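Chemist: Dropping a structure here in structure tokens format, bear with me for questions.
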Amino acid sequence: MKKFFALFLVLSLALPVFAADYPAQNVTGVVQWGAGGGTDSLMRPLSAIAEQTLGKSIIIQNMTGATGSIATQYVFDAPSDGYTLLMGAENPALYDILEISELTYNNFDCVYLIGDEVVGIVVGKNSPYKSFTEIIEAAKKAPWTLKLSTTGTGGLPWEVGAFITDITGAMFNQIPYDSDASAKTAVMNGECDFTVCKVQSGVEDWKAGDLKFLCMLSTKKVDVMPDVPLITAEYPDFAKYLPWGPFYGVFVKKGTDAGIQATLSKAFTAAGPAESYQAVLKNFNINFLGYSGDEAAKYISAWRENTINALKNSGALD
């Protein structure tokens with residue numbers, strides 16, 4: 001009888017979790033970047049609202065390292081039961097191409113695609129560089145000496161760094177950090193010369209005067225920073241890469257029951273348009289998407305194709 005009970009217990013634990021039982025416990029949201037970073041700052045308020053509909057708490061866990069691939073692998077290795085969510089940015093869309101991981105977003109389903117955004121070139125308040133052109137000219141005079149703080153290969157500053165090299169020919173010494181927050185801090189305290197910063201993660205430091213946006217990688221001015229020039233004003237050839245920017249979403253491992261995915265999508269879809277969360281998006285200059293299912297999958301597929309083409313053109317994939 002004991003052997004039968006032990007076998008029954010093992011088999012019952014191996015059975016998939018279905019929608020009727022979900023959620024029976026709190027859910028873990030694994031953010032693939034550090035606390036206080038751009039992705040983290042979007043996921044926490046969204047989760048706080050979504051859990052009101054979900055009926056259980058969403059416990060945020062930050063798991064940094066390897067351009068977010070450690071967190072991605074962790075969620076992939078967890079059961080496909082809807083209790084471990086990947087709260088990520090655009091990076092996994094390129095893992096295979098960059099040989100960071102065999103995993104990509106093809107191994108996950110997007111239950112909610114929050115939005116995308118504009119990024120800019122930033123320096124600290126005491127930087128000697130007053131324009132993007134000055135950075136490029138300095139880098140050309142002394143290749144590999146100017147320090148660009150990044151979040152590692154495949155991270156946002158690395159990607160934009162490849163575009164910059166393609167357009168200008170300038171070469172930089174890339175210094176990796178574990179999050180965009182720490183990469184930004186390295187510029188603010190003078191450890192590095194510049195970085196590529198999302199508007200949402202740099203706007204408060206910009207308002208405080210601790211961070212300077214030299215230009216925006218955008219086809220139109222950013223409302224919260226109307227005086228910051230577009231990068232195409234100095235280097236028109238950047239137009240071929242624009243518009244382009246990071247995106248953010250909530251994902252589950254493929255194989256998760258469709259009913260569970262629907263429950264999660266319902267909770268996050270209710271949270272996204274909430275007035276308080278829309279205020280967060282506006283403050284961070286995030287373009288709201290609110291996609292799920294096939295709509296989200298099509299967006300990510302198109303973003304991947306466009307970015308791979310740009311990286312090939314820049315020589316970053318050689």
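Scheme for the structure tokens: letters A, B, ... for chains in order shown; per-chain residue numbers from 1; ligand numbers from 1 in order shown.
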What's around Asp223 (chain A) at 12 Å? Count only C-alpha atoms, leave out sequence neighbours fewer than 6 positions away in its own chain, and write the answer as a PyMOL selection string.

Modeler: chain A and resi 118+199+203+216+229+282-287

Chemist: Where in region 34-264 of chain A does DSSP assign strand (DSSP E or B), given as a ChimeraX atom specification?

Modeler: /A:58-62,84-88,108-117,119-124,147-150,173-176,194-198,211-217,230,247-253

Chemist: Between A:Ile136, A:Ile260, A:Leu156, A:Leu148, single out the one closest to Thr67 (chain A), counting only C-alpha atoms.

Modeler: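 Of A:Ile136, A:Ile260, A:Leu156, A:Leu148, the one nearest Thr67 (chain A) is A:Leu156, counting only C-alpha atoms.
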
Chemist: Determine, counting only C-alpha atoms, which protein, DNA and RNA residues have an atom within 6 Å of an atom of region 204-211 of chain A; residues of the same chain fewer than 5 positions away are not included. Present the result as a PyMOL selection string.

Modeler: chain A and resi 123-125

Chemist: Grab the residues selected above and save them as an mmCIF file, in the first residue's frame with N, CA and C atoms.

Modeler:
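Full text of again.cif as output:
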```cif
data_model
loop_
_atom_site.group_PDB
_atom_site.id
_atom_site.type_symbol
_atom_site.label_atom_id
_atom_site.label_comp_id
_atom_site.auth_asym_id
_atom_site.auth_seq_id
_atom_site.Cartn_x
_atom_site.Cartn_y
_atom_site.Cartn_z
ATOM 1 N N VAL A 123 25.285 60.818 -21.225
ATOM 2 C CA VAL A 123 26.547 61.027 -20.505
ATOM 3 C C VAL A 123 26.218 61.569 -19.125
ATOM 4 N N GLY A 124 27.213 61.549 -18.238
ATOM 5 C CA GLY A 124 27.038 62.109 -16.908
ATOM 6 C C GLY A 124 27.080 63.633 -16.923
ATOM 7 N N LYS A 125 26.637 64.253 -15.835
ATOM 8 C CA LYS A 125 26.553 65.715 -15.791
ATOM 9 C C LYS A 125 27.922 66.392 -15.894
#
```

Chemist: Given the choices A:Ile97, A:Val280, A:Met225, A:Ile175, which gets closest to Val187 (chain A) if the distance is worked out from only C-alpha atoms?

Modeler: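 Using only C-alpha atoms, Val187 (chain A) sits closest to A:Ile175.
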
Chemist: Quick one, how far is CA of Leu214 (chain A) from CA of Ala35 (chain A)?

Modeler: 25.9 Å

Chemist: Record the distance separating CA of Ile49 (chain A) and CA of Gly255 (chain A), expressed in Å with one decimal.

Modeler: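 Atom-to-atom, CA of Ile49 (chain A) to CA of Gly255 (chain A), that is 25.9 Å.
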
Chemist: Give me, as JSON lines, each residue of region 48-101 of chain A that comes within 7 Å of region 235-248 of chain A, together with its shortest interatomic pair and the distance in Å at one decimal, counting only C-alpha atoms, with rows ordered by chain and rising residue number.

Modeler:
```
{"residue": "A:Gly88", "atom": "CA", "partner": "A:Tyr248", "partner_atom": "CA", "distance": 5.8}
{"residue": "A:Ala89", "atom": "CA", "partner": "A:Tyr248", "partner_atom": "CA", "distance": 4.4}
{"residue": "A:Glu90", "atom": "CA", "partner": "A:Phe247", "partner_atom": "CA", "distance": 5.3}
```
